[in-house]
Amino acid sequence: MPTSIDQENSGITHPANVSSSSKSTGLEPTNQLYDPEGTNRDYDDQLDTLNALLERENRIKEGAERFLKLPLNETMRLQVESELEMATGEIESLTRKIELETSRGRRRKNGVPLNRRKFAGQVPPVGVRFRADSDGRDRDDFRTTLAQANACIKSLNSLSRPITSPLPAPSPSSTSNISAADNDRSRVDIMNRFVSILQRNLRVRYEINLPEVIQAIIPALSDRCSMRCRAAAYRLVRHALVDSNSAEELHKQPLEWFIVKSLARDNKHAIEREQVIKLIRTIVDIVSEPRDRRSITATKTIPLSEPIMRAFVAVAEHAEDPFRPVCIQTLAEMVLIDIDLVARSGGIRFLLHALGEGPVEVGPILAATFLHIIDSPRTRAYLHLGTDLEIALSAITDAYGKGADHADRMRSCTKTIQLMLRTWSGLMYFCLGDQHAIKSIIDTLRIPSLETREIVLDMFFDLFNIKAPQWYKTFIDGRRLTMYRKPRAFADQLTDQKLTDKAPETLKLTDQYIALLVLVFTDAGLIDALTAMLEECTTGSNLSRKATLLMAEVMRMANRVLPLGVAAKIQAVPRVFNLAADYNRGEHRIVGTSALSAIDSFNRNRLRLQPSVRNARPRANSSEDAVRRGQRQVEQVKIKMGMQMDDKTFQSSLLETQVMLTKDSAKWNFEMLQELIEGPLLNPKRLEEAIKVARFMRRLLSFFHPFTHRFSDLPRKQPNVRWVRLGCSLLTTLLASPDGIRFLASEDDLLKQIVKCFAQLDPFNGTSESDPMFSKYRVSETLTYGYFEMLGTLSKHAEGIELMEKFKIFTAFYHLSELRDREDLITAVITNLDYTIDGHPRIVLSKALTSSDVRTRLYATNHLGDLIRDSVTPVAWTLRLLLTQIYDQAPEVCELAIQFLEEACDAMEVLQLVVEMQPTMDHLGEIGHPLLLKFMSTPMGFRYLYSAGYIDREMDMWFHDRNIHYVVEVEIFLSKVFSSEAVEDDEDVLAFDGVVPPHFYGEMSKTELGCQVLSEKGHFSEFSHFVKQHGLESEDPELILKLKSILWAMGNVGATEGGLPFLEEEEIIPAILDIAEHSLIPSVRGTCFFVLGLISSTSQGAEILDDYRWEATLSPLGVPTGLCIPLDLDKFISLPAWDPVGVRGDGDSRLIPPTSHTDLEVISAIENLSNTVIANAASRSLARMKSRPEYRSAFSSSSVFFRALHTVSTQRYRLPVRRYIFDLFTTELDGELVLELSACANSLRAPPTFKQSEAHISRVVSMFGLKHTRGASESDDEDDDMDDDVDETVNDRNPVMITLRPVSRIIGFDN
């Protein structure tokens, strides 16, 4: 809803604005830079000055444009863009002034009188306009804008002074109301105009004095001002903030209690509360931006006081508040920046509660926040181990007895658990305390009466990345799987799989992590819990079958990703075998044998229905081989029999087709036609007879002639497509004999008519028609498109190409490629042509690749890539054409060509061929790096790049910057692919197929020359020194990031045969293992886990790690797969326990107790409101006090109000209670009261040595008895009891009439 706050009222002028703008700066407005009367400066001087200014602004503009091309952070870029806009506006303004001066000069020479400058108050002449009235897009001159901003501040100050009028007022009350409303409107207008000035000119924000602005707007924040006025004031403050210095300056200003009260207001004041929350968000955003490189690593503090934070947390806690979601997310951001502040104000406790029981949509955000906190030992000390973060599991672990309606909550909880367990921080946190949290999740499967266990099973399927095929449902329902056969489109799926899974043996980074997950969960008793589910029912249920399915999948996965010794322990499933072998109890034996039978059935059917890619090639002993062989034999016999047909049968077959009897193709016998063309007519003698004697061929081909409109007018529908196939078969048959070729060349008009149809479109030919045969409509809607397929059939044969050359069809193709708006024809041509034979077809393709139309070039490049992908052996001409595409002007064509080249270069023969062509790729920038890295992995490519200077240049860049980018790229990929809402078509996920991306140092170490260069540069020894020095760093984020980048570099080097000696020489493997087992940062341990997997990908590396009890996973042939598992799991996944940090906030600063009995009673009742047990009674007693005259002074006293504010700012109060406390007091919050509150803060603050007297402790102040001392506890339903001896002392001195303590007696024991 648009409000007056958000409207830019720049057109409204306040009288004070005009007067003060000239006084404040001593400068005249922009239009007075030159004297209109020409008395002070002559015309030439003014023109020179303006030209000099114009030249300066042009230089500023050029500098800003050059600056924007450099890599800048967001803040700097905004500043530069602002300067650029300002300079552009100045250039336009100065250009207009120069034109105006030039015209004035001409008029002066011609004796035309100039417009005189009017005195103040008169309207300016039409010819000359002030800057404010000019085009709104122009940016104001900086000095003028600053003057306007200062004028706004003075105007606001003038409005806050008391208005004295010499005339007698007719009615005091009405006048005061009118003047207050007018004041409000004036303030809002001035503040909105001030905001528009700040929005237009960024520099002004840096120049204005923030304390002055705050002092000017404090009157606008008072309770007597309107809600819109207060909102406009907060908005102005927000726009005046520019950097962390201004945020710190704001923190010193007396705005604290205004903000606290604004946040406590009800939803009628939504506009005001919105602006306060936006102000707080702006402060958080400013603080989170790094000021320089050093500040990235520094611990930041948010300049907000604890009272403001507690008020903000109260809004976030209130379930019905419309601003709750934004407050929760802002608190999550604050925790990451300044955890101490949020902890002091009770924010962490609330966020944990929101994670467990808050809105479902914020669960993943809060989970990610706490995972970041766990990753650092400094921040995780604010969490209590075993109680805090475990609240995230509560929806699962406390599901018993909740009923079916709890299922949705459980589903959202499982997503959060998945997100947490798929990060190093979450996994290692939940493994603390002997995997207590992990075991609690698994144990939910053991509760027989829990109906929602299926949700937990589904969570495990997702967690282990198990993709359920279609036939799983049949397995779970208990039906036989033998009814299933391979899907019909199986062959297509296999070809797709071959393309995507280039190396089925290589395991991905995700597989490495899932291997660890499988190990952790099986170690925590997952298989046992699933077996317990099977024991519940001997007949089996959907749930037990799903448990069996999960067990089978976990066993299969263990076999694939875990070392043989570890996998064997999981696959032994001793408990299931014990059940199956238990002859004493029949039900146990039924359960055990059923489970083993189901697992065996599952494995057999999985192999049958989902064979792996490497077994996808049809084998000689395949069960379907006999069927295929039989089909081929039948086809060959039919062709032989057809070619040996006798004359009589042949003649009757020709008549049976009906071609000789009618022209209506609907009456033709299509099957007979097809048999004739693909059989007898392949015999040259029969073909000659069909052409010359029976004239069958002439009648048949005339059906395909374009101008007969028989074939070409048939609609493009599935039943009619067979005629296109028949036409192609007919041409193949004709090209198989000299008679057929002669018939096509001289006796039939098919090719002539096709050429004429192309000529209708040719702009160089004068025979264009209104409805050409190859119009867009006819090609898309009729069988006309089939002519391109027929021409493609001709291009497969040398004789066909000769015919096409004879009829100048290729010339027509060349002319078609010049057509701007017919890319459909060009794509049809290049798609259907065959390029096996060297000649015109390849020239047509190369012409399409260099077409003027980008879409045509893209399509042609795509088709060329498909040709390269489909070719069995590398073809030089296709690669050469693809290499020319990397020089295309359009970046999208370049990227596509690079993509195909990268894919093709996976094959070593293609890579060798491309390297021999020595393409230049310097111009490609970032998109060419992956391809150049592939070049580096071959000796010839490395020498070529080394001689070109690429290696030295890149090596320095990787040493300083790119190593860091590599880490960020890998970690972003892993977080995206593991996130609960990962989308499969996400561009980043698709761009990175999960295999470790190529690393410069890794590719370098694949060649002998590369290892030599690496050794000479000495980078590896520097890396090794850094790892040994900073391996256990846990505080400095910059050092930790650099450590990760170096570990990845070392891992990639160690993953090659040539690079492993570098690691052995530096003795770095023990250092990496030490980091993996002792680092305090979970993500660093995780990096070591992946790096050790890389080192284990060579046989020698696997042997070295085996000595340190890290076992590598081997393929069935004994080749390392690049995955390594610690045999001592606890050593790797267990973080050291910690003692929680004791948080001390402003609540520890005490106030001197009140001396007045009434004050003491009011404050005590307010304090009791924080305890939900006695809050109702406290509110009733406060209502009674409010109505009694002796308490009125307390509710209007500034000192009591301060005590109330201090109480709500140091203890936890819910938002309605805070609102109720503010409504109790009759004092109006304004600038004067804030000053009094500041004085109270100084005078009432108890010194550190102050001890409360026993008289005050024991004094009875209300019906609730003694006020119990409350520390920093924030519990809303528990109160700490005082020690018994203190109670006895107090009661002796001052007996209490009413007590809430229950009477307790111990009966049955003597002393």
# chains A, B, ... in the order shown; residues from 1 in each chain; ligands from 1
>>> residues_around(residues="A:Leu1041", least_positions_apart="6", cutoff="10 Å", atoms="only C-alpha atoms", output="MDAnalysis selection string")
chainID A and resid 963:964 967:968 1047 1084
>>> residues_around(residues="A:Ala220", least_positions_apart="2", cutoff="7 Å", atoms="only C-alpha atoms", output="PDB file with N, CA and C atoms, in the first residue's frame")
ATOM      1  N   ILE A 217      15.355  15.435  13.989  1.00  0.00           N
ATOM      2  CA  ILE A 217      14.164  14.578  13.813  1.00  0.00           C
ATOM      3  C   ILE A 217      13.631  14.032  15.144  1.00  0.00           C
ATOM      4  N   ILE A 218      14.351  14.226  16.261  1.00  0.00           N
ATOM      5  CA  ILE A 218      13.860  13.697  17.545  1.00  0.00           C
ATOM      6  C   ILE A 218      12.460  14.236  17.885  1.00  0.00           C
ATOM      7  N   SER A 222       8.255  11.943  18.762  1.00  0.00           N
ATOM      8  CA  SER A 222       7.541  11.963  20.047  1.00  0.00           C
ATOM      9  C   SER A 222       6.143  11.368  19.892  1.00  0.00           C
ATOM     10  N   CYS A 225       3.344  13.253  18.017  1.00  0.00           N
ATOM     11  CA  CYS A 225       3.352  13.327  16.549  1.00  0.00           C
ATOM     12  C   CYS A 225       2.573  12.151  15.957  1.00  0.00           C
ATOM     13  N   CYS A 229       4.418  10.637  10.663  1.00  0.00           N
ATOM     14  CA  CYS A 229       5.565  11.518  10.944  1.00  0.00           C
ATOM     15  C   CYS A 229       6.723  10.708  11.527  1.00  0.00           C
ATOM     16  N   ARG A 230       6.403   9.830  12.480  1.00  0.00           N
ATOM     17  CA  ARG A 230       7.461   8.994  13.081  1.00  0.00           C
ATOM     18  C   ARG A 230       8.068   8.063  12.027  1.00  0.00           C
ATOM     19  N   ALA A 233      10.437   9.909   9.881  1.00  0.00           N
ATOM     20  CA  ALA A 233      11.696  10.191  10.597  1.00  0.00           C
ATOM     21  C   ALA A 233      12.622   8.977  10.556  1.00  0.00           C
TER      22      ALA A 233
END
>>> atom_distance(atom1="atom CA of A:Lys467", atom2="atom CA of A:Ser597")
22.3 Å
>>> residues_around(residues="stretch 279-286 of chain A", least_positions_apart="4", cutoff="8 Å", atoms="only C-alpha atoms", output="ChimeraX atom specification")
/A:234-235,237-238,241-244,247,275,302-303,330,333-334
>>> closest_residue(among="A:Pro772, A:Pro1216, A:Gly727, A:Gly401", to="A:Met790", atoms="only C-alpha atoms")
A:Gly727
>>> residues_around(residues="stretch 869-874 of chain A", least_positions_apart="6", cutoff="7 Å", atoms="only C-alpha atoms", output="list of chain:residue names")
A:Ala904, A:Glu909, A:Val910
>>> closest_residue(among="A:Ala319, A:Gln1211, A:Arg1150, A:Leu236", to="A:Asn1168", atoms="only C-alpha atoms")
A:Gln1211
>>> atom_distance(atom1="atom CA of A:Thr784", atom2="atom CA of A:Arg742")
24.8 Å
>>> residues_around(residues="A:Thr301", least_positions_apart="2", cutoff="10 Å", atoms="only C-alpha atoms", output="PyMOL selection string")
chain A and resi 244+248+284+287-288+298-299+303-304+334+337-341
>>> write_last_selection(atoms="C-alpha atoms", output="short mmCIF file (atom, residue, chain, number, x, y, z; two decimals), in the first residue's frame")
data_model
loop_
_atom_site.label_atom_id
_atom_site.label_comp_id
_atom_site.auth_asym_id
_atom_site.auth_seq_id
_atom_site.Cartn_x
_atom_site.Cartn_y
_atom_site.Cartn_z
CA SER A 244 29.69 1.35 9.65
CA GLU A 248 28.29 3.60 15.16
CA VAL A 284 22.78 -5.11 9.89
CA VAL A 287 27.85 -3.94 9.33
CA SER A 288 27.93 -7.17 7.29
CA ALA A 298 37.83 -9.30 12.05
CA THR A 299 35.02 -10.07 14.50
CA PRO A 303 25.82 -1.26 16.96
CA LEU A 304 22.44 -2.04 18.56
CA MET A 334 22.65 -11.11 13.24
CA ILE A 337 27.68 -11.34 12.48
CA ASP A 338 27.55 -10.71 16.24
CA ILE A 339 26.60 -13.87 18.15
CA ASP A 340 27.44 -12.33 21.52
CA LEU A 341 24.83 -9.56 21.16
#
>>> residues_around(residues="A:Thr423", least_positions_apart="5", cutoff="12 Å", atoms="only C-alpha atoms", output="ChimeraX atom specification")
/A:367-368,370-372,374-375,416-418,428-430,463,510,513-514,516-517,971-972,974-980,1082-1087
>>> atom_distance(atom1="atom CA of A:Ile801", atom2="atom CA of A:Arg710")
26.2 Å
>>> select_by_dssp(residues="stretch 1065-1217 of chain A", states="strand (DSSP E or B)", output="MDAnalysis selection string")
chainID A and resid 1110:1114 1120:1126 1151
>>> residues_around(residues="A:Leu68", least_positions_apart="6", cutoff="10 Å", atoms="only C-alpha atoms", output="PDB file with all heavy atoms, in the first residue's frame")
ATOM      1  N   MET A  76      31.466  -0.130  -3.502  1.00  0.00           N
ATOM      2  CA  MET A  76      32.295   0.722  -4.370  1.00  0.00           C
ATOM      3  C   MET A  76      31.625   0.912  -5.734  1.00  0.00           C
ATOM      4  O   MET A  76      31.608   2.013  -6.283  1.00  0.00           O
ATOM      5  CB  MET A  76      33.673   0.074  -4.528  1.00  0.00           C
ATOM      6  CG  MET A  76      34.659   0.911  -5.320  1.00  0.00           C
ATOM      7  SD  MET A  76      35.113   2.405  -4.446  1.00  0.00           S
ATOM      8  CE  MET A  76      36.280   1.758  -3.276  1.00  0.00           C
ATOM      9  N   ARG A  77      31.045  -0.173  -6.262  1.00  0.00           N
ATOM     10  CA  ARG A  77      30.399  -0.083  -7.573  1.00  0.00           C
ATOM     11  C   ARG A  77      29.235   0.907  -7.528  1.00  0.00           C
ATOM     12  O   ARG A  77      29.064   1.729  -8.436  1.00  0.00           O
ATOM     13  CB  ARG A  77      29.910  -1.470  -8.003  1.00  0.00           C
ATOM     14  CG  ARG A  77      29.233  -1.510  -9.373  1.00  0.00           C
ATOM     15  CD  ARG A  77      28.993  -2.931  -9.841  1.00  0.00           C
ATOM     16  NE  ARG A  77      30.241  -3.605 -10.147  1.00  0.00           N
ATOM     17  CZ  ARG A  77      30.907  -3.466 -11.287  1.00  0.00           C
ATOM     18  NH1 ARG A  77      30.430  -2.685 -12.243  1.00  0.00           N
ATOM     19  NH2 ARG A  77      32.045  -4.092 -11.492  1.00  0.00           N
ATOM     20  N   LEU A  78      28.451   0.864  -6.446  1.00  0.00           N
ATOM     21  CA  LEU A  78      27.324   1.806  -6.319  1.00  0.00           C
ATOM     22  C   LEU A  78      27.818   3.255  -6.288  1.00  0.00           C
ATOM     23  O   LEU A  78      27.234   4.138  -6.910  1.00  0.00           O
ATOM     24  CB  LEU A  78      26.534   1.504  -5.046  1.00  0.00           C
ATOM     25  CG  LEU A  78      25.590   0.300  -5.115  1.00  0.00           C
ATOM     26  CD1 LEU A  78      25.037  -0.023  -3.739  1.00  0.00           C
ATOM     27  CD2 LEU A  78      24.439   0.574  -6.075  1.00  0.00           C
ATOM     28  N   VAL A  80      30.627   4.442  -7.557  1.00  0.00           N
ATOM     29  CA  VAL A  80      31.152   4.843  -8.875  1.00  0.00           C
ATOM     30  C   VAL A  80      29.994   5.115  -9.826  1.00  0.00           C
ATOM     31  O   VAL A  80      30.008   6.082 -10.598  1.00  0.00           O
ATOM     32  CB  VAL A  80      32.094   3.753  -9.437  1.00  0.00           C
ATOM     33  CG1 VAL A  80      32.558   4.125 -10.836  1.00  0.00           C
ATOM     34  CG2 VAL A  80      33.299   3.575  -8.535  1.00  0.00           C
ATOM     35  N   GLU A  81      28.951   4.239  -9.776  1.00  0.00           N
ATOM     36  CA  GLU A  81      27.795   4.447 -10.658  1.00  0.00           C
ATOM     37  C   GLU A  81      27.097   5.760 -10.340  1.00  0.00           C
ATOM     38  O   GLU A  81      26.636   6.469 -11.240  1.00  0.00           O
ATOM     39  CB  GLU A  81      26.812   3.275 -10.503  1.00  0.00           C
ATOM     40  CG  GLU A  81      27.265   2.023 -11.232  1.00  0.00           C
ATOM     41  CD  GLU A  81      26.398   0.801 -10.930  1.00  0.00           C
ATOM     42  OE1 GLU A  81      25.520   0.886 -10.054  1.00  0.00           O
ATOM     43  OE2 GLU A  81      26.625  -0.219 -11.573  1.00  0.00           O
ATOM     44  N   LEU A  84      29.109   8.476 -11.832  1.00  0.00           N
ATOM     45  CA  LEU A  84      28.938   8.463 -13.292  1.00  0.00           C
ATOM     46  C   LEU A  84      27.619   9.135 -13.670  1.00  0.00           C
ATOM     47  O   LEU A  84      27.564   9.963 -14.595  1.00  0.00           O
ATOM     48  CB  LEU A  84      28.966   7.017 -13.801  1.00  0.00           C
ATOM     49  CG  LEU A  84      28.790   6.822 -15.319  1.00  0.00           C
ATOM     50  CD1 LEU A  84      29.895   7.537 -16.083  1.00  0.00           C
ATOM     51  CD2 LEU A  84      28.787   5.346 -15.672  1.00  0.00           C
TER      52      LEU A  84
END
>>> select_by_dssp(residues="stretch 817-889 of chain A", states="helix (DSSP H, G or I)", output="ChimeraX atom specification")
/A:823-832,840-849,854-870,876-885
>>> write_last_selection(atoms="C-alpha atoms", output="PDB file, in the first residue's frame")
ATOM      1  CA  GLU A 823      16.308 -20.238 -40.668  1.00  0.00           C
ATOM      2  CA  ASP A 824      13.803 -23.139 -40.711  1.00  0.00           C
ATOM      3  CA  LEU A 825      14.912 -24.054 -44.256  1.00  0.00           C
ATOM      4  CA  ILE A 826      18.627 -23.769 -43.465  1.00  0.00           C
ATOM      5  CA  THR A 827      18.247 -25.922 -40.343  1.00  0.00           C
ATOM      6  CA  ALA A 828      16.259 -28.499 -42.352  1.00  0.00           C
ATOM      7  CA  VAL A 829      19.033 -28.623 -44.975  1.00  0.00           C
ATOM      8  CA  ILE A 830      21.947 -29.043 -42.555  1.00  0.00           C
ATOM      9  CA  THR A 831      20.018 -31.556 -40.422  1.00  0.00           C
ATOM     10  CA  ASN A 832      19.215 -33.880 -43.348  1.00  0.00           C
ATOM     11  CA  HIS A 840      29.376 -29.587 -51.267  1.00  0.00           C
ATOM     12  CA  PRO A 841      27.477 -30.840 -48.152  1.00  0.00           C
ATOM     13  CA  ARG A 842      30.412 -29.890 -45.942  1.00  0.00           C
ATOM     14  CA  ILE A 843      30.653 -26.491 -47.646  1.00  0.00           C
ATOM     15  CA  VAL A 844      26.922 -25.930 -46.979  1.00  0.00           C
ATOM     16  CA  LEU A 845      27.507 -26.748 -43.315  1.00  0.00           C
ATOM     17  CA  SER A 846      30.510 -24.402 -43.068  1.00  0.00           C
ATOM     18  CA  LYS A 847      28.431 -21.650 -44.718  1.00  0.00           C
ATOM     19  CA  ALA A 848      25.679 -22.165 -42.136  1.00  0.00           C
ATOM     20  CA  LEU A 849      28.314 -22.025 -39.365  1.00  0.00           C
ATOM     21  CA  VAL A 854      23.105 -15.953 -34.765  1.00  0.00           C
ATOM     22  CA  ARG A 855      20.309 -18.522 -34.401  1.00  0.00           C
ATOM     23  CA  THR A 856      21.452 -20.320 -37.555  1.00  0.00           C
ATOM     24  CA  ARG A 857      25.060 -20.356 -36.330  1.00  0.00           C
ATOM     25  CA  LEU A 858      23.939 -21.749 -32.980  1.00  0.00           C
ATOM     26  CA  TYR A 859      21.885 -24.487 -34.628  1.00  0.00           C
ATOM     27  CA  ALA A 860      24.672 -25.403 -37.033  1.00  0.00           C
ATOM     28  CA  THR A 861      27.211 -25.531 -34.181  1.00  0.00           C
ATOM     29  CA  ASN A 862      24.870 -27.749 -32.209  1.00  0.00           C
ATOM     30  CA  HIS A 863      24.458 -30.083 -35.195  1.00  0.00           C
ATOM     31  CA  LEU A 864      28.209 -30.183 -35.720  1.00  0.00           C
ATOM     32  CA  GLY A 865      28.655 -31.099 -32.058  1.00  0.00           C
ATOM     33  CA  ASP A 866      26.159 -33.943 -32.488  1.00  0.00           C
ATOM     34  CA  LEU A 867      28.102 -35.182 -35.532  1.00  0.00           C
ATOM     35  CA  ILE A 868      31.332 -35.240 -33.498  1.00  0.00           C
ATOM     36  CA  ARG A 869      29.583 -36.946 -30.584  1.00  0.00           C
ATOM     37  CA  ASP A 870      28.093 -39.657 -32.848  1.00  0.00           C
ATOM     38  CA  ALA A 876      39.627 -34.042 -38.475  1.00  0.00           C
ATOM     39  CA  TRP A 877      37.348 -31.882 -40.661  1.00  0.00           C
ATOM     40  CA  THR A 878      34.574 -31.723 -38.035  1.00  0.00           C
ATOM     41  CA  LEU A 879      37.037 -30.732 -35.318  1.00  0.00           C
ATOM     42  CA  ARG A 880      38.570 -28.095 -37.591  1.00  0.00           C
ATOM     43  CA  LEU A 881      35.122 -26.602 -38.261  1.00  0.00           C
ATOM     44  CA  LEU A 882      34.292 -26.666 -34.535  1.00  0.00           C
ATOM     45  CA  LEU A 883      37.562 -24.878 -33.733  1.00  0.00           C
ATOM     46  CA  THR A 884      36.608 -22.046 -36.121  1.00  0.00           C
ATOM     47  CA  GLN A 885      33.435 -21.547 -34.055  1.00  0.00           C
TER      48      GLN A 885
END
